[in-house]
$ cat input14.cif   # mmCIF, C-alpha atoms (C1' of nucleotides)
data_entry
#
loop_
_atom_site.label_atom_id
_atom_site.label_comp_id
_atom_site.auth_asym_id
_atom_site.auth_seq_id
_atom_site.Cartn_x
_atom_site.Cartn_y
_atom_site.Cartn_z
CA MET F 1 10.68 16.99 -23.63
CA MET F 2 11.84 16.78 -27.23
CA ALA F 3 10.23 14.30 -29.62
CA GLN F 4 12.82 12.08 -31.19
CA GLY F 5 10.62 10.01 -33.50
CA VAL F 6 9.78 6.36 -33.26
CA ARG F 7 12.49 4.20 -31.82
CA PRO F 8 13.56 1.95 -34.70
CA ASP F 9 14.50 -0.89 -32.37
CA LEU F 10 10.92 -1.12 -31.11
CA LEU F 11 9.59 -1.44 -34.65
CA ALA F 12 12.33 -3.89 -35.55
CA ALA F 13 11.47 -5.96 -32.49
CA LEU F 14 8.10 -6.75 -34.03
CA GLU F 15 9.16 -7.02 -37.68
CA ASP F 16 12.10 -9.28 -36.99
CA ARG F 17 9.91 -11.69 -35.11
CA GLY F 18 7.26 -11.87 -37.80
CA HIS F 19 4.58 -9.84 -36.01
CA ARG F 20 2.34 -7.54 -38.00
CA LEU F 21 2.73 -3.80 -37.69
CA THR F 22 -0.90 -3.01 -37.03
CA SER F 23 -2.04 0.47 -36.20
CA PRO F 24 -2.80 -0.25 -32.51
CA ARG F 25 0.71 -1.63 -32.12
CA ARG F 26 2.16 1.36 -33.89
CA ARG F 27 0.26 3.64 -31.54
CA VAL F 28 1.73 1.86 -28.53
CA ILE F 29 5.25 1.96 -29.97
CA ASP F 30 4.96 5.63 -30.91
CA HIS F 31 3.82 6.38 -27.40
CA LEU F 32 6.50 4.33 -25.65
CA SER F 33 9.18 5.89 -27.86
CA GLU F 34 8.61 9.20 -26.09
CA LYS F 35 9.01 7.67 -22.64
CA LEU F 36 12.13 8.84 -20.90
CA GLU F 37 11.26 7.08 -17.66
CA GLY F 38 9.71 3.94 -16.32
CA PHE F 39 6.02 3.24 -16.82
CA SER F 40 3.40 0.70 -15.85
CA ALA F 41 1.11 -1.14 -18.25
CA GLU F 42 -1.96 0.41 -16.66
CA GLN F 43 -0.46 3.88 -17.06
CA VAL F 44 0.00 3.29 -20.79
CA HIS F 45 -3.60 2.15 -20.98
CA GLU F 46 -4.77 5.39 -19.38
CA GLU F 47 -2.67 7.40 -21.77
CA LEU F 48 -4.00 5.55 -24.82
CA PRO F 49 -7.67 5.08 -23.92
CA ASP F 50 -8.76 4.03 -27.41
CA VAL F 51 -6.33 1.15 -27.68
CA GLY F 52 -7.76 -1.92 -26.01
CA ARG F 53 -6.28 -2.81 -22.65
CA ALA F 54 -5.52 -6.33 -23.82
CA THR F 55 -3.63 -5.05 -26.85
CA ILE F 56 -1.48 -2.84 -24.67
CA TYR F 57 -0.56 -5.72 -22.39
CA ARG F 58 0.05 -8.00 -25.36
CA THR F 59 2.23 -5.47 -27.16
CA ILE F 60 4.33 -4.71 -24.09
CA LYS F 61 4.80 -8.42 -23.59
CA LEU F 62 6.07 -8.78 -27.17
CA LEU F 63 8.53 -5.95 -26.63
CA VAL F 64 9.77 -7.49 -23.39
CA GLU F 65 10.23 -10.84 -25.12
CA ALA F 66 12.20 -9.10 -27.86
CA GLY F 67 14.41 -7.49 -25.22
CA VAL F 68 13.75 -3.86 -26.17
CA VAL F 69 11.67 -3.21 -23.06
CA CYS F 70 12.68 -4.29 -19.55
CA LYS F 71 10.34 -5.55 -16.90
CA LEU F 72 11.24 -4.55 -13.36
CA ALA F 73 9.61 -6.51 -10.56
CA LEU F 74 9.22 -4.41 -7.45
CA PRO F 75 8.81 -5.76 -3.93
CA ASN F 76 5.38 -4.18 -3.81
CA GLY F 77 3.10 -2.84 -6.47
CA SER F 78 2.78 -3.86 -10.07
CA PRO F 79 5.75 -4.28 -12.40
CA LYS F 80 7.35 -1.27 -14.02
CA TYR F 81 8.70 -1.21 -17.56
CA SER F 82 11.37 0.87 -19.24
CA LEU F 83 12.92 1.14 -22.67
CA ALA F 84 16.19 -0.74 -22.86
CA ARG F 85 19.02 1.60 -23.67
CA PHE F 86 22.06 -0.60 -23.11
CA GLU F 87 22.77 -4.15 -24.02
CA HIS F 88 23.13 -5.37 -20.46
CA HIS F 89 22.42 -3.12 -17.54
CA HIS F 90 20.73 -2.78 -14.19
CA HIS F 91 18.06 -0.55 -12.78
CA THR F 92 17.66 2.25 -10.35
CA PHE F 93 14.28 2.85 -8.80
CA CYS F 94 13.49 6.16 -7.11
CA ILE F 95 11.46 5.42 -4.02
CA ARG F 96 10.05 8.96 -4.03
CA CYS F 97 8.78 9.40 -7.59
CA GLY F 98 9.00 5.81 -8.81
CA ASN F 99 11.13 6.59 -11.83
CA VAL F 100 13.13 3.75 -13.26
CA GLY F 101 16.63 4.47 -14.50
CA GLU F 102 19.28 2.36 -16.10
CA PHE F 103 22.98 2.01 -15.55
CA ARG F 104 25.76 -0.18 -16.71
CA ALA F 105 28.85 -0.99 -14.68
CA ALA F 106 31.48 -3.28 -16.04
CA THR F 107 33.08 -3.43 -12.60
CA ILE F 108 30.09 -5.19 -11.15
CA GLU F 109 30.08 -7.84 -13.82
CA ARG F 110 33.69 -8.70 -13.10
CA ILE F 111 33.11 -9.02 -9.38
CA ILE F 112 30.06 -11.10 -9.91
CA ARG F 113 31.94 -13.57 -12.01
CA ALA F 114 34.55 -13.89 -9.29
CA LEU F 115 31.77 -14.40 -6.80
CA GLY F 116 30.67 -17.65 -8.39
CA THR F 117 32.40 -19.63 -5.66
CA ASP F 118 30.11 -18.21 -2.95
CA ILE F 119 27.04 -19.42 -4.79
CA PRO F 120 25.99 -23.05 -4.70
CA GLY F 121 25.05 -24.14 -8.21
CA GLU F 122 25.39 -22.66 -11.65
CA ILE F 123 24.82 -18.94 -12.12
CA LEU F 124 22.54 -18.34 -15.09
CA GLY F 125 21.79 -14.67 -14.64
CA HIS F 126 21.64 -11.90 -12.13
CA ARG F 127 19.84 -8.75 -11.35
CA ILE F 128 20.94 -5.70 -9.42
CA GLU F 129 18.64 -2.92 -8.38
CA PHE F 130 19.44 0.27 -6.56
CA TYR F 131 16.80 2.02 -4.53
CA ILE F 132 17.61 5.66 -4.73
CA CYS F 133 16.34 9.16 -4.25
CA CYS F 134 16.88 10.59 -7.72
CA GLU F 135 18.45 13.97 -8.46
CA GLN F 136 15.16 15.65 -9.30
CA CYS F 137 13.64 14.54 -6.00
CA LEU F 138 16.73 15.67 -4.08
CA GLU F 139 16.45 19.10 -5.70
CA ARG F 140 12.77 19.25 -4.99
CA GLU F 141 13.54 18.45 -1.37
CA GLU F 142 16.06 21.28 -1.04
CA ALA F 143 13.68 23.83 -2.52
CA MET N 1 14.50 -32.98 7.55
CA MET N 2 15.35 -32.53 11.20
CA ALA N 3 13.06 -30.46 13.40
CA GLN N 4 14.96 -27.72 15.17
CA GLY N 5 12.15 -26.22 17.20
CA VAL N 6 10.49 -22.86 16.80
CA ARG N 7 12.74 -20.11 15.61
CA PRO N 8 12.96 -17.71 18.54
CA ASP N 9 13.44 -14.70 16.29
CA LEU N 10 10.05 -15.29 14.67
CA LEU N 11 8.33 -15.34 18.04
CA ALA N 12 10.31 -12.32 19.20
CA ALA N 13 9.32 -10.47 16.04
CA LEU N 14 5.70 -10.53 17.19
CA GLU N 15 6.29 -10.05 20.91
CA ASP N 16 8.65 -7.14 20.50
CA ARG N 17 6.15 -5.30 18.37
CA GLY N 18 3.29 -5.81 20.77
CA HIS N 19 1.37 -8.41 18.77
CA ARG N 20 -0.43 -11.20 20.54
CA LEU N 21 0.87 -14.73 20.32
CA THR N 22 -2.38 -16.33 19.29
CA SER N 23 -2.61 -19.97 18.39
CA PRO N 24 -3.12 -19.41 14.64
CA ARG N 25 -0.02 -17.24 14.59
CA ARG N 26 1.90 -19.82 16.55
CA ARG N 27 0.84 -22.45 14.01
CA VAL N 28 2.17 -20.33 11.18
CA ILE N 29 5.43 -19.62 12.98
CA ASP N 30 5.91 -23.27 13.94
CA HIS N 31 5.35 -24.22 10.34
CA LEU N 32 7.65 -21.59 8.85
CA SER N 33 10.37 -22.50 11.35
CA GLU N 34 10.76 -25.82 9.58
CA LYS N 35 11.16 -24.19 6.18
CA LEU N 36 14.63 -24.60 4.79
CA GLU N 37 13.74 -23.04 1.47
CA GLY N 38 11.65 -20.33 -0.06
CA PHE N 39 7.87 -20.52 0.02
CA SER N 40 4.84 -18.67 -1.26
CA ALA N 41 1.96 -17.45 0.85
CA GLU N 42 -0.47 -19.64 -1.04
CA GLN N 43 1.72 -22.67 -0.42
CA VAL N 44 1.63 -22.04 3.33
CA HIS N 45 -2.12 -21.77 3.11
CA GLU N 46 -2.33 -25.18 1.44
CA GLU N 47 -0.09 -26.68 4.09
CA LEU N 48 -2.12 -25.21 6.94
CA PRO N 49 -5.69 -25.64 5.67
CA ASP N 50 -7.35 -24.90 9.00
CA VAL N 51 -5.70 -21.53 9.49
CA GLY N 52 -7.63 -18.88 7.62
CA ARG N 53 -6.04 -17.63 4.43
CA ALA N 54 -6.29 -14.04 5.64
CA THR N 55 -4.45 -14.87 8.87
CA ILE N 56 -1.64 -16.48 6.93
CA TYR N 57 -1.19 -13.43 4.73
CA ARG N 58 -1.45 -11.12 7.72
CA THR N 59 1.07 -13.08 9.76
CA ILE N 60 3.59 -13.28 6.95
CA LYS N 61 3.24 -9.56 6.46
CA LEU N 62 4.00 -8.96 10.14
CA LEU N 63 7.10 -11.11 9.90
CA VAL N 64 8.28 -9.29 6.79
CA GLU N 65 7.75 -5.95 8.51
CA ALA N 66 9.75 -7.21 11.46
CA GLY N 67 12.56 -8.22 9.10
CA VAL N 68 12.69 -11.91 10.02
CA VAL N 69 11.16 -13.00 6.73
CA CYS N 70 12.28 -11.68 3.32
CA LYS N 71 9.99 -10.98 0.43
CA LEU N 72 11.46 -11.68 -2.97
CA ALA N 73 9.73 -10.13 -5.99
CA LEU N 74 10.19 -12.24 -9.07
CA PRO N 75 9.86 -10.97 -12.63
CA ASN N 76 6.93 -13.31 -13.10
CA GLY N 77 4.79 -15.22 -10.68
CA SER N 78 3.81 -14.35 -7.15
CA PRO N 79 6.31 -13.24 -4.51
CA LYS N 80 8.40 -15.80 -2.68
CA TYR N 81 9.33 -15.59 0.96
CA SER N 82 12.21 -17.00 2.94
CA LEU N 83 13.40 -16.93 6.51
CA ALA N 84 16.13 -14.35 7.03
CA ARG N 85 19.31 -16.01 8.14
CA PHE N 86 21.82 -13.17 7.90
CA GLU N 87 21.59 -9.56 8.82
CA HIS N 88 22.08 -8.25 5.31
CA HIS N 89 22.16 -10.58 2.37
CA HIS N 90 20.99 -11.27 -1.14
CA HIS N 91 19.03 -14.03 -2.78
CA THR N 92 19.52 -16.82 -5.19
CA PHE N 93 16.55 -18.16 -7.07
CA CYS N 94 16.69 -21.54 -8.78
CA ILE N 95 14.88 -21.26 -12.08
CA ARG N 96 14.30 -25.02 -12.14
CA CYS N 97 12.81 -25.76 -8.73
CA GLY N 98 12.09 -22.21 -7.56
CA ASN N 99 14.02 -22.53 -4.33
CA VAL N 100 15.18 -19.33 -2.75
CA GLY N 101 18.61 -19.26 -1.14
CA GLU N 102 20.55 -16.62 0.70
CA PHE N 103 24.11 -15.47 0.53
CA ARG N 104 26.20 -12.72 1.94
CA ALA N 105 29.22 -11.24 0.22
CA ALA N 106 31.15 -8.44 1.84
CA THR N 107 33.02 -7.90 -1.42
CA ILE N 108 29.89 -6.83 -3.19
CA GLU N 109 29.02 -4.28 -0.57
CA ARG N 110 32.39 -2.64 -0.90
CA ILE N 111 32.16 -2.41 -4.68
CA ILE N 112 28.67 -1.07 -4.49
CA ARG N 113 29.73 1.74 -2.23
CA ALA N 114 32.47 2.67 -4.67
CA LEU N 115 29.91 2.58 -7.46
CA GLY N 116 27.97 5.50 -6.04
CA THR N 117 29.46 7.84 -8.60
CA ASP N 118 27.82 5.99 -11.51
CA ILE N 119 24.39 6.44 -10.00
CA PRO N 120 22.57 9.76 -10.21
CA GLY N 121 21.05 10.57 -6.83
CA GLU N 122 21.37 9.15 -3.36
CA ILE N 123 21.60 5.39 -2.93
CA LEU N 124 19.22 4.26 -0.20
CA GLY N 125 19.36 0.53 -0.69
CA HIS N 126 20.10 -2.17 -3.19
CA ARG N 127 19.10 -5.65 -4.11
CA ILE N 128 21.04 -8.35 -5.87
CA GLU N 129 19.54 -11.56 -7.12
CA PHE N 130 21.18 -14.47 -8.81
CA TYR N 131 19.25 -16.76 -11.06
CA ILE N 132 20.82 -20.12 -10.73
CA CYS N 133 20.41 -23.81 -11.28
CA CYS N 134 20.92 -25.11 -7.76
CA GLU N 135 23.12 -28.05 -6.80
CA GLN N 136 20.21 -30.42 -6.28
CA CYS N 137 18.83 -29.67 -9.72
CA LEU N 138 22.26 -30.06 -11.31
CA GLU N 139 22.61 -33.48 -9.66
CA ARG N 140 19.13 -34.44 -10.75
CA GLU N 141 20.07 -33.46 -14.28
CA GLU N 142 23.17 -35.65 -14.32
CA ALA N 143 21.27 -38.65 -13.07
"C1'" DC C 1 -8.84 -14.11 -49.04
"C1'" DT C 2 -6.96 -15.65 -44.72
"C1'" DC C 3 -5.25 -15.74 -40.62
"C1'" DA C 4 -3.09 -12.82 -37.18
"C1'" DT C 5 -4.77 -9.31 -34.37
"C1'" DT C 6 -8.15 -6.63 -32.06
"C1'" DG C 7 -11.42 -5.25 -28.39
"C1'" DC C 8 -14.66 -6.24 -25.38
"C1'" DA C 9 -16.17 -8.55 -21.43
"C1'" DA C 10 -15.66 -12.25 -18.55
"C1'" DA C 11 -12.40 -15.04 -16.06
"C1'" DT C 12 -8.38 -15.44 -13.26
"C1'" DG C 13 -5.49 -15.56 -9.24
"C1'" DG C 14 -3.18 -13.77 -5.63
"C1'" DT C 15 -3.98 -10.61 -2.02
"C1'" DT C 16 -6.78 -7.56 0.90
"C1'" DT C 17 -10.79 -6.08 3.46
"C1'" DG C 18 -15.42 -5.74 6.03
"C1'" DC C 19 -17.52 -7.47 9.69
"C1'" DA C 20 -19.49 -10.36 13.11
"C1'" DT C 21 -17.35 -13.70 16.28
"C1'" DT C 22 -13.74 -15.35 19.26
"C1'" DG C 23 -10.16 -15.72 22.62
"C1'" DG C 24 -5.65 -13.93 24.72
"C1'" DG C 25 -3.91 -11.18 28.31
"C1'" DC P 1 -13.58 -8.14 30.33
"C1'" DC P 2 -12.09 -5.77 26.23
"C1'" DC P 3 -9.96 -5.09 22.28
"C1'" DA P 4 -6.83 -7.43 19.10
"C1'" DA P 5 -7.12 -11.08 16.13
"C1'" DT P 6 -9.70 -14.54 13.49
"C1'" DG P 7 -12.17 -16.53 9.55
"C1'" DC P 8 -15.20 -16.35 6.18
"C1'" DA P 9 -16.81 -14.35 2.03
"C1'" DA P 10 -16.84 -10.62 -0.78
"C1'" DA P 11 -14.06 -7.11 -2.85
"C1'" DC P 12 -9.98 -5.82 -5.28
"C1'" DC P 13 -6.96 -5.05 -9.01
"C1'" DA P 14 -3.70 -5.98 -12.38
"C1'" DT P 15 -3.38 -9.18 -15.86
"C1'" DT P 16 -5.04 -12.85 -19.04
"C1'" DT P 17 -8.20 -15.19 -21.99
"C1'" DG P 18 -12.34 -16.58 -25.04
"C1'" DC P 19 -14.40 -15.30 -28.94
"C1'" DA P 20 -16.60 -12.96 -32.67
"C1'" DA P 21 -15.35 -9.10 -35.64
"C1'" DT P 22 -11.70 -6.84 -38.16
"C1'" DG P 23 -7.95 -5.59 -41.14
"C1'" DA P 24 -3.03 -6.32 -42.77
"C1'" DG P 25 -0.40 -8.54 -46.18
#
$ encode --input "input14.cif" --output "C-alpha cells"
Amino acid sequence: MMAQGVRPDLLAALEDRGHRLTSPRRRVIDHLSEKLEGFSAEQVHEELPDVGRATIYRTIKLLVEAGVVCKLALPNGSPKYSLARFEHHHHTFCIRCGNVGEFRAATIERIIRALGTDIPGEILGHRIEFYICCEQCLEREEA
Amino acid sequence: MMAQGVRPDLLAALEDRGHRLTSPRRRVIDHLSEKLEGFSAEQVHEELPDVGRATIYRTIKLLVEAGVVCKLALPNGSPKYSLARFEHHHHTFCIRCGNVGEFRAATIERIIRALGTDIPGEILGHRIEFYICCEQCLEREEA
DNA sequence: CTCATTGCAAATGGTTTGCATTGGG
DNA sequence: CCCAATGCAAACCATTTGCAATGAG
C-alpha cells in the first residue's frame, strides 16, 4: 500500500466550511487519506486510540456533510464509510470481506430518469448498491 | 382504510418454517396485515402495548427471514419494514413522511445484468432505493 | 483573548438476551 | 406434558451529548 499524502479534498472540506484544522482532525484526515477501502467509525477509533471517540465521530460526520466521505447504510450492522472518489456514484459491498467499492455508470442514470413514470411522486434521489463477492475473495476461494 | 383480513402469506411464513402460531404472534401478524405503508419495529410496539417488545422484534425478524417482510436500511434513523408485495422489487422512501413504497421494474433488472462488466467481482444481489416526495405529500404541499 | 473544539464519561435509543413462567400442540 | 415461546428487565453496542478544560486563530 503506497502512501499518497493527505487528500486535499478532505482538508478543503473543513477549511471551506469554516471549521478549524485542529491536530485531532488532521490526525483523522491523515489516517482516512490512506484508506483504500470502506471503514466503520469504530474501526477508525481503534486505529487512532489517542483521538477521542467523540472527535472521530464528529469529524467523520463533518466529512460526510461536506460530501467527501460517503455513508453506506447496510441492512444489518453499523454503517460503513468510504472516501468519495467520483462526483456521483454507487457502491458495491463485498458480503465476504465487507469491503466497500465505488462505481459510476452513466447508463443507469439514464434508465432511472426514464423510469420516473413507474414511481408515484417526485424523485429526489436514488441509491443503488450491489452485493458482490469481490475479486480478492474470489481468488482466495480458488486457492 | 378497509380491513382485508389476515395476510395468508404472513401466517404461512411461520407455519411453513415450523414456528408455532401463538396468540402474541397472531396479534402481530393481524396488525401488520393492515399496514399499507412502511413501519418501524418501535412503532409496532407502541401500537400493540400488551405484546412484549421482545416478541415484536422476534416476530418481525422471523417474517423478514421468511421473506414476507422487507427490511429497509436508511442512511439515518432506525430500519423501516414493509410487507412484501412482489417477488423481487425495490423501495421508495418518502423523505417527507417516511412512507416506504415498493415498485418493480423489469427494465432495471435487464440493465443491471448488462452492467456486470463495470463491477469487479461476482454480483450476488443488488438494491435500489428511490428517495421521493410521495403523491400525498405533494398534494399536501399544494394545499 | 475567545470561542470552537476536545475528551471524558454519562446518556441515549434501538435492539437483543437471560431466565423463570406460560401455553400451544 | 414438554419444549417453544413469552415477557420482563437487564445487557448491549454504536452513537451522541453535557461540560469543564484546552488550544487555534
$ interface_residues --input "input14.cif" --of "chain C" --to "chain N" --cutoff "12 Å" --atoms "all atoms listed in the file" --output "PDB file with C-alpha atoms (C1' of nucleotides), in the frame of the given file"
ATOM      1  C1'  DG C  13      -5.490 -15.560  -9.240  1.00  0.00           C
ATOM      2  C1'  DG C  14      -3.180 -13.770  -5.630  1.00  0.00           C
ATOM      3  C1'  DT C  15      -3.980 -10.610  -2.020  1.00  0.00           C
ATOM      4  C1'  DT C  16      -6.780  -7.560   0.900  1.00  0.00           C
ATOM      5  C1'  DT C  17     -10.790  -6.080   3.460  1.00  0.00           C
ATOM      6  C1'  DT C  22     -13.740 -15.350  19.260  1.00  0.00           C
ATOM      7  C1'  DG C  23     -10.160 -15.720  22.620  1.00  0.00           C
ATOM      8  C1'  DG C  24      -5.650 -13.930  24.720  1.00  0.00           C
ATOM      9  C1'  DG C  25      -3.910 -11.180  28.310  1.00  0.00           C
TER      10       DG C  25
END
$ resolve_selection --input "input14.cif" --expression "the PyMOL selection byres ((chain F) within 8 of (chain N))" --output "VMD selection string"
chain F and resid 71 to 76 79 92 103 105 108 111 to 112 118 to 135 138
$ closest_atom_pairs --input "input14.cif" --of "chain P" --to "chain F" --cutoff "12 Å" --atoms "only C-alpha atoms (C1' of nucleotides)" --output "CSV"
residue,atom,partner,partner_atom,distance
P:DC13,C1',F:Ser78,CA,9.9
P:DA14,C1',F:Ser78,CA,7.2
P:DT15,C1',F:Tyr57,CA,7.9
P:DT16,C1',F:Ala54,CA,8.1
P:DT17,C1',F:Ala54,CA,9.4
P:DT22,C1',F:Thr22,CA,11.5
P:DG23,C1',F:Thr22,CA,8.6
P:DA24,C1',F:Thr22,CA,7.0
P:DG25,C1',F:Arg20,CA,8.7
$ write_last_selection --input "input14.cif" --atoms "C-alpha atoms (C1' of nucleotides)" --output "PDB file, keeping the file's coordinate frame"
ATOM      1  C1'  DC P  13      -6.960  -5.050  -9.010  1.00  0.00           C
ATOM      2  C1'  DA P  14      -3.700  -5.980 -12.380  1.00  0.00           C
ATOM      3  C1'  DT P  15      -3.380  -9.180 -15.860  1.00  0.00           C
ATOM      4  C1'  DT P  16      -5.040 -12.850 -19.040  1.00  0.00           C
ATOM      5  C1'  DT P  17      -8.200 -15.190 -21.990  1.00  0.00           C
ATOM      6  C1'  DT P  22     -11.700  -6.840 -38.160  1.00  0.00           C
ATOM      7  C1'  DG P  23      -7.950  -5.590 -41.140  1.00  0.00           C
ATOM      8  C1'  DA P  24      -3.030  -6.320 -42.770  1.00  0.00           C
ATOM      9  C1'  DG P  25      -0.400  -8.540 -46.180  1.00  0.00           C
TER      10       DG P  25
END
$ resolve_selection --input "input14.cif" --expression "the PyMOL selection byres ((chain F and resi 44) around 9)" --output "list in words"
Val28, His31, Leu32, Phe39, Ser40, Ala41, Glu42, Gln43, His45, Glu46, Glu47, Leu48, Pro49, Arg53 and Ile56 of chain F
$ atom_distance --input "input14.cif" --atom1 "atom CA of F:Leu62" --atom2 "atom CA of F:Leu10"
9.9 Å
$ build_atoms --input "input14.cif" --residues "stretch 13-28 of chain F" --atoms "N, CA and C atoms" --output "short mmCIF file (atom, residue, chain, number, x, y, z; two decimals), in the coordinates of the input"
data_model
loop_
_atom_site.label_atom_id
_atom_site.label_comp_id
_atom_site.auth_asym_id
_atom_site.auth_seq_id
_atom_site.Cartn_x
_atom_site.Cartn_y
_atom_site.Cartn_z
N ALA F 13 11.75 -4.86 -33.41
CA ALA F 13 11.47 -5.96 -32.49
C ALA F 13 10.26 -6.76 -32.98
N LEU F 14 9.28 -6.06 -33.52
CA LEU F 14 8.10 -6.75 -34.03
C LEU F 14 8.37 -7.36 -35.40
N GLU F 15 8.92 -6.54 -36.31
CA GLU F 15 9.16 -7.02 -37.68
C GLU F 15 10.03 -8.26 -37.70
N ASP F 16 11.15 -8.18 -36.96
CA ASP F 16 12.10 -9.28 -36.99
C ASP F 16 11.50 -10.58 -36.50
N ARG F 17 10.48 -10.47 -35.68
CA ARG F 17 9.91 -11.69 -35.11
C ARG F 17 8.64 -12.10 -35.83
N GLY F 18 8.39 -11.45 -36.97
CA GLY F 18 7.26 -11.87 -37.80
C GLY F 18 5.90 -11.42 -37.29
N HIS F 19 5.88 -10.36 -36.47
CA HIS F 19 4.58 -9.84 -36.01
C HIS F 19 4.14 -8.71 -36.92
N ARG F 20 2.86 -8.57 -37.10
CA ARG F 20 2.34 -7.54 -38.00
C ARG F 20 2.42 -6.17 -37.35
N LEU F 21 2.67 -5.18 -38.19
CA LEU F 21 2.73 -3.80 -37.69
C LEU F 21 1.37 -3.15 -37.82
N THR F 22 0.46 -3.55 -36.97
CA THR F 22 -0.90 -3.01 -37.03
C THR F 22 -0.92 -1.61 -36.43
N SER F 23 -2.02 -0.92 -36.66
CA SER F 23 -2.04 0.47 -36.20
C SER F 23 -2.12 0.56 -34.67
N PRO F 24 -2.85 -0.32 -33.98
CA PRO F 24 -2.80 -0.25 -32.51
C PRO F 24 -1.38 -0.46 -31.99
N ARG F 25 -0.66 -1.38 -32.57
CA ARG F 25 0.71 -1.63 -32.12
C ARG F 25 1.58 -0.43 -32.40
N ARG F 26 1.37 0.19 -33.55
CA ARG F 26 2.16 1.36 -33.89
C ARG F 26 1.87 2.48 -32.89
N ARG F 27 0.63 2.61 -32.51
CA ARG F 27 0.26 3.64 -31.54
C ARG F 27 1.01 3.42 -30.22
N VAL F 28 1.04 2.17 -29.78
CA VAL F 28 1.73 1.86 -28.53
C VAL F 28 3.22 2.17 -28.67
#
